[in-house]
Amino acid sequence: ERERERERMNQNQQQQASDGRHEDDAALSDFLASLMDYTPTIPDELVEHYLAKSGFQCPDVRLYVLFTYLLIFSK
């Protein structure tokens, strides 16, 4: 699933580059793309389980990775 998301992100970045998007948009896109390369120490399934248990639902896999990143580096 991450691989499909990564491919979709690359396509979006190419589209944004051809559209001449603002530099902030490009920086945000780069950050979100880097999340897909991040290998968390907490398994994705565990994060998804607890977020779902709390009522969080989102089709964007990057948000789950972002939550994992924040959990680990928030100390």
# chains A, B, ... in the order shown; residues from 1 in each chain; ligands from 1

$ residues_around --residues "segment 45-61 of chain A" --least-positions-apart "3" --cutoff "9 Å" --atoms "only C-alpha atoms" --output "list in words"
Glu1, Arg2, Glu5, Met36, Ile42, Tyr64, Val65, Leu66, Phe67 and Thr68 of chain A

$ write_last_selection --atoms "all heavy atoms" --output "PDB file, in the first residue's frame"
ATOM      1  N   GLU A   1       0.830  -1.190   0.000  1.00  0.00           N
ATOM      2  CA  GLU A   1       0.000   0.000   0.000  1.00  0.00           C
ATOM      3  C   GLU A   1       0.874   1.254   0.000  1.00  0.00           C
ATOM      4  O   GLU A   1       0.545   2.229  -0.654  1.00  0.00           O
ATOM      5  CB  GLU A   1      -0.918  -0.009   1.225  1.00  0.00           C
ATOM      6  CG  GLU A   1      -1.912   1.111   1.180  1.00  0.00           C
ATOM      7  CD  GLU A   1      -2.962   0.982   2.258  1.00  0.00           C
ATOM      8  OE1 GLU A   1      -3.407  -0.126   2.540  1.00  0.00           O
ATOM      9  OE2 GLU A   1      -3.297   2.028   2.798  1.00  0.00           O
ATOM     10  N   ARG A   2       1.972   1.199   0.738  1.00  0.00           N
ATOM     11  CA  ARG A   2       2.872   2.352   0.742  1.00  0.00           C
ATOM     12  C   ARG A   2       3.460   2.594  -0.644  1.00  0.00           C
ATOM     13  O   ARG A   2       3.672   3.723  -1.035  1.00  0.00           O
ATOM     14  CB  ARG A   2       4.009   2.136   1.735  1.00  0.00           C
ATOM     15  CG  ARG A   2       3.654   2.486   3.125  1.00  0.00           C
ATOM     16  CD  ARG A   2       4.893   2.516   3.953  1.00  0.00           C
ATOM     17  NE  ARG A   2       4.556   2.814   5.314  1.00  0.00           N
ATOM     18  CZ  ARG A   2       5.385   3.354   6.177  1.00  0.00           C
ATOM     19  NH1 ARG A   2       6.609   3.607   5.817  1.00  0.00           N
ATOM     20  NH2 ARG A   2       5.017   3.599   7.396  1.00  0.00           N
ATOM     21  N   GLU A   5       1.020   4.445  -2.714  1.00  0.00           N
ATOM     22  CA  GLU A   5       0.947   5.829  -2.251  1.00  0.00           C
ATOM     23  C   GLU A   5       2.170   6.608  -2.729  1.00  0.00           C
ATOM     24  O   GLU A   5       2.067   7.764  -3.140  1.00  0.00           O
ATOM     25  CB  GLU A   5       0.851   5.873  -0.724  1.00  0.00           C
ATOM     26  CG  GLU A   5       0.645   7.248  -0.154  1.00  0.00           C
ATOM     27  CD  GLU A   5      -0.707   7.854  -0.475  1.00  0.00           C
ATOM     28  OE1 GLU A   5      -1.662   7.120  -0.763  1.00  0.00           O
ATOM     29  OE2 GLU A   5      -0.803   9.098  -0.442  1.00  0.00           O
ATOM     30  N   MET A  36       6.983   8.815   3.230  1.00  0.00           N
ATOM     31  CA  MET A  36       6.779   7.486   2.657  1.00  0.00           C
ATOM     32  C   MET A  36       8.075   6.686   2.646  1.00  0.00           C
ATOM     33  O   MET A  36       8.045   5.470   2.590  1.00  0.00           O
ATOM     34  CB  MET A  36       6.215   7.600   1.240  1.00  0.00           C
ATOM     35  CG  MET A  36       4.830   8.238   1.200  1.00  0.00           C
ATOM     36  SD  MET A  36       3.637   7.552   2.375  1.00  0.00           S
ATOM     37  CE  MET A  36       3.509   5.881   1.802  1.00  0.00           C
ATOM     38  N   ILE A  42       7.656   1.750  15.187  1.00  0.00           N
ATOM     39  CA  ILE A  42       6.352   1.254  15.612  1.00  0.00           C
ATOM     40  C   ILE A  42       5.639   0.733  14.362  1.00  0.00           C
ATOM     41  O   ILE A  42       5.505   1.466  13.385  1.00  0.00           O
ATOM     42  CB  ILE A  42       5.513   2.366  16.265  1.00  0.00           C
ATOM     43  CG1 ILE A  42       6.229   2.940  17.484  1.00  0.00           C
ATOM     44  CG2 ILE A  42       4.134   1.844  16.654  1.00  0.00           C
ATOM     45  CD1 ILE A  42       5.565   4.161  18.076  1.00  0.00           C
ATOM     46  N   TYR A  64      -0.990   8.447   8.830  1.00  0.00           N
ATOM     47  CA  TYR A  64      -0.608   7.419   9.799  1.00  0.00           C
ATOM     48  C   TYR A  64       0.899   7.435  10.017  1.00  0.00           C
ATOM     49  O   TYR A  64       1.370   7.317  11.148  1.00  0.00           O
ATOM     50  CB  TYR A  64      -1.064   6.036   9.329  1.00  0.00           C
ATOM     51  CG  TYR A  64      -2.559   5.867   9.340  1.00  0.00           C
ATOM     52  CD1 TYR A  64      -3.298   5.977   8.175  1.00  0.00           C
ATOM     53  CD2 TYR A  64      -3.231   5.613  10.526  1.00  0.00           C
ATOM     54  CE1 TYR A  64      -4.674   5.833   8.185  1.00  0.00           C
ATOM     55  CE2 TYR A  64      -4.611   5.465  10.553  1.00  0.00           C
ATOM     56  CZ  TYR A  64      -5.326   5.583   9.377  1.00  0.00           C
ATOM     57  OH  TYR A  64      -6.681   5.432   9.398  1.00  0.00           O
ATOM     58  N   VAL A  65       1.650   7.611   8.945  1.00  0.00           N
ATOM     59  CA  VAL A  65       3.108   7.681   9.057  1.00  0.00           C
ATOM     60  C   VAL A  65       3.501   8.933   9.834  1.00  0.00           C
ATOM     61  O   VAL A  65       4.404   8.898  10.680  1.00  0.00           O
ATOM     62  CB  VAL A  65       3.767   7.668   7.660  1.00  0.00           C
ATOM     63  CG1 VAL A  65       5.273   7.816   7.765  1.00  0.00           C
ATOM     64  CG2 VAL A  65       3.410   6.395   6.918  1.00  0.00           C
ATOM     65  N   LEU A  66       2.819  10.039   9.583  1.00  0.00           N
ATOM     66  CA  LEU A  66       3.095  11.277  10.306  1.00  0.00           C
ATOM     67  C   LEU A  66       2.823  11.104  11.797  1.00  0.00           C
ATOM     68  O   LEU A  66       3.630  11.537  12.631  1.00  0.00           O
ATOM     69  CB  LEU A  66       2.257  12.427   9.743  1.00  0.00           C
ATOM     70  CG  LEU A  66       2.439  13.780  10.409  1.00  0.00           C
ATOM     71  CD1 LEU A  66       3.883  14.252  10.289  1.00  0.00           C
ATOM     72  CD2 LEU A  66       1.500  14.802   9.793  1.00  0.00           C
ATOM     73  N   PHE A  67       1.728  10.469  12.162  1.00  0.00           N
ATOM     74  CA  PHE A  67       1.448  10.204  13.574  1.00  0.00           C
ATOM     75  C   PHE A  67       2.545   9.360  14.205  1.00  0.00           C
ATOM     76  O   PHE A  67       2.984   9.628  15.322  1.00  0.00           O
ATOM     77  CB  PHE A  67       0.095   9.499  13.752  1.00  0.00           C
ATOM     78  CG  PHE A  67      -1.067  10.441  13.752  1.00  0.00           C
ATOM     79  CD1 PHE A  67      -2.051  10.334  12.803  1.00  0.00           C
ATOM     80  CD2 PHE A  67      -1.193  11.438  14.704  1.00  0.00           C
ATOM     81  CE1 PHE A  67      -3.130  11.198  12.795  1.00  0.00           C
ATOM     82  CE2 PHE A  67      -2.255  12.310  14.715  1.00  0.00           C
ATOM     83  CZ  PHE A  67      -3.240  12.177  13.742  1.00  0.00           C
ATOM     84  N   THR A  68       3.007   8.347  13.500  1.00  0.00           N
ATOM     85  CA  THR A  68       4.080   7.501  14.014  1.00  0.00           C
ATOM     86  C   THR A  68       5.339   8.336  14.225  1.00  0.00           C
ATOM     87  O   THR A  68       5.998   8.230  15.262  1.00  0.00           O
ATOM     88  CB  THR A  68       4.374   6.337  13.042  1.00  0.00           C
ATOM     89  OG1 THR A  68       3.172   5.623  12.823  1.00  0.00           O
ATOM     90  CG2 THR A  68       5.435   5.423  13.589  1.00  0.00           C
TER      91      THR A  68
END
